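K.L.:
Pasting in a structure now, in structure tokens, and then I'll have a few things to ask.
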Amino acid sequence: MRILFIPKKENRIIVILGKKGAGKSFYANQLVKKEPAVIIDPLNEYRGGIYFFNYEEFEKFDFAIGVFKIILKFKDDEDYSSAFAKVFEVGNCLLLVEEADLFAQSQNIDSNLRKILRYGRHRNIDQIYISRRPYELNRLVTAMADEIVVFRINEQRDLEFLQKYGFNPDEIRSLSNYQHIKKDLTT
């Protein structure tokens, strides 16, 4: 008898950065089509999924249905924290956090989101974080990233921050809408 060893897929953490209207959400939406996903959408940018407007509704969802695209549009920030805890509990999905700096500010990060960043790989949670201002994003997000995708940015502090990751500020400034530069940080 032969035993076939199939390694678990490596979970990815992708950070997408850029000015408003540069194509970040469009790009992220292309990545979401392939697997079960929970999308944190505080600014109402995503369509075509199962919508929840409060945590009590979301908590009742049957995750056993297989492939799903859940879009959370909560009004209460505490509901998002509870949703992060639920995603960690359930696992086996992609978590996309739009406007990530709302939940992972430079000096403060939601404790349940921190748990996903640090230990989500053990729960088979892929992660995508989207923000306009890399300088305002909690360092844990970029420190844990496997890949950073940058769309056009002009703010000097943000460009200086990205330069530390090997990005060229002049190239970033010259990007047109929907153009991006991608860096794999795993090598």
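Each chain in the structure tokens gets a letter, A, B and so on, in the order shown; residues start at 1 in every chain, and ligands are counted from 1 in the order they appear.
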Might you pull out every residue within 12 Å of A:Asn29, with only C-alpha atoms counted and same-chain residues fewer than 3 positions away left off, and present them as an NGL selection string?
P.N.:
:A and (16 or 23-26 or 32-35 or 37-39 or 41 or 45-49 or 69 or 71 or 94-98 or 128 or 130)
K.L.:
How many Å lie between atom CA of A:Glu59 and atom CA of A:Ile116, rounded to one decimal?
P.N.:
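Atom-to-atom, atom CA of A:Glu59 to atom CA of A:Ile116, that is 17.5 Å.
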K.L.:
DSSP on the backbone: which residues in stretch 109-156 of chain A end up as strand (DSSP E)? Give the answer as a list in words.
P.N.:
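Of stretch 109-156 of chain A, only Ile109, Ile125, Asp126, Gln127, Ile128, Tyr129, Ile130, Ser131, Glu147, Ile148, Val149 and Val150 of chain A fall in strand (DSSP E).
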K.L.:
Under the rule that only C-alpha atoms are counted, which of A:Val150, A:Glu56, A:Phe84, A:Gln156 is the nearest residue to A:Gln179?
P.N.:
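That would be A:Val150, the residue with the smallest distance to A:Gln179.
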K.L.:
Could you please write out, as a PyMOL selection string, every residue of stretch 78-150 of chain A that DSSP assigns to alpha helix (DSSP H)?
P.N.:
chain A and resi 78-90+111-119+139-144
K.L.:
Got time to write the residues from that selection, C-alpha atoms, as a PDB file, in the first residue's frame?
P.N.:
ATOM      1  CA  GLU A  78     -17.813  45.908  17.110  1.00  0.00           C
ATOM      2  CA  ASP A  79     -19.712  43.692  14.666  1.00  0.00           C
ATOM      3  CA  TYR A  80     -16.618  43.561  12.446  1.00  0.00           C
ATOM      4  CA  SER A  81     -14.474  42.457  15.377  1.00  0.00           C
ATOM      5  CA  SER A  82     -16.942  39.640  16.079  1.00  0.00           C
ATOM      6  CA  ALA A  83     -16.913  38.746  12.363  1.00  0.00           C
ATOM      7  CA  PHE A  84     -13.111  38.436  12.437  1.00  0.00           C
ATOM      8  CA  ALA A  85     -13.455  36.007  15.363  1.00  0.00           C
ATOM      9  CA  LYS A  86     -16.080  33.997  13.430  1.00  0.00           C
ATOM     10  CA  VAL A  87     -13.863  33.807  10.321  1.00  0.00           C
ATOM     11  CA  PHE A  88     -11.015  32.469  12.461  1.00  0.00           C
ATOM     12  CA  GLU A  89     -13.330  29.910  14.047  1.00  0.00           C
ATOM     13  CA  VAL A  90     -14.700  28.685  10.709  1.00  0.00           C
ATOM     14  CA  SER A 111      -7.339  41.851  18.421  1.00  0.00           C
ATOM     15  CA  ASN A 112      -9.337  39.324  16.387  1.00  0.00           C
ATOM     16  CA  LEU A 113      -7.786  40.568  13.152  1.00  0.00           C
ATOM     17  CA  ARG A 114      -4.329  40.288  14.750  1.00  0.00           C
ATOM     18  CA  LYS A 115      -5.121  36.656  15.548  1.00  0.00           C
ATOM     19  CA  ILE A 116      -6.017  35.984  11.903  1.00  0.00           C
ATOM     20  CA  LEU A 117      -2.829  37.671  10.685  1.00  0.00           C
ATOM     21  CA  ARG A 118      -0.637  35.670  13.029  1.00  0.00           C
ATOM     22  CA  TYR A 119      -2.358  32.289  13.028  1.00  0.00           C
ATOM     23  CA  ARG A 139       3.094  47.200  10.420  1.00  0.00           C
ATOM     24  CA  LEU A 140       1.937  43.672  11.307  1.00  0.00           C
ATOM     25  CA  VAL A 141      -0.091  43.619   8.068  1.00  0.00           C
ATOM     26  CA  THR A 142       2.891  44.389   5.851  1.00  0.00           C
ATOM     27  CA  ALA A 143       5.299  42.333   7.983  1.00  0.00           C
ATOM     28  CA  MET A 144       3.162  39.218   7.483  1.00  0.00           C
TER      29      MET A 144
END
K.L.:
May I have the residues within 9 Å of A:Tyr135 as a list in words, using only C-alpha atoms and disregarding those fewer than 4 positions away in the same chain?
P.N.:
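The residues satisfying every condition are Ser106, Arg139, Arg157, Asp158, Leu159, Glu160, Phe161 and Leu162 of chain A.
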K.L.:
Go ahead and save the picked residues with N, CA and C atoms, as a tab-separated table (two decimals), in the first residue's frame.
P.N.:
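The resulting file, part-v9.tsv, is reproduced below:
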chain	number	residue	atom	x	y	z
A	106	SER	N	-2.04	52.32	12.24
A	106	SER	CA	-0.60	52.21	12.48
A	106	SER	C	-0.27	51.87	13.94
A	139	ARG	N	1.91	47.89	10.94
A	139	ARG	CA	3.09	47.20	10.42
A	139	ARG	C	2.94	45.69	10.41
A	157	ARG	N	5.36	60.22	2.15
A	157	ARG	CA	5.63	59.26	3.23
A	157	ARG	C	5.29	57.84	2.81
A	158	ASP	N	4.22	57.69	2.04
A	158	ASP	CA	3.86	56.36	1.56
A	158	ASP	C	4.91	55.82	0.59
A	159	LEU	N	5.41	56.68	-0.28
A	159	LEU	CA	6.44	56.27	-1.23
A	159	LEU	C	7.73	55.89	-0.52
A	160	GLU	N	8.09	56.65	0.50
A	160	GLU	CA	9.29	56.31	1.29
A	160	GLU	C	9.12	54.96	1.98
A	161	PHE	N	7.94	54.72	2.50
A	161	PHE	CA	7.67	53.43	3.15
A	161	PHE	C	7.82	52.29	2.13
A	162	LEU	N	7.24	52.45	0.95
A	162	LEU	CA	7.29	51.40	-0.07
A	162	LEU	C	8.70	51.19	-0.62
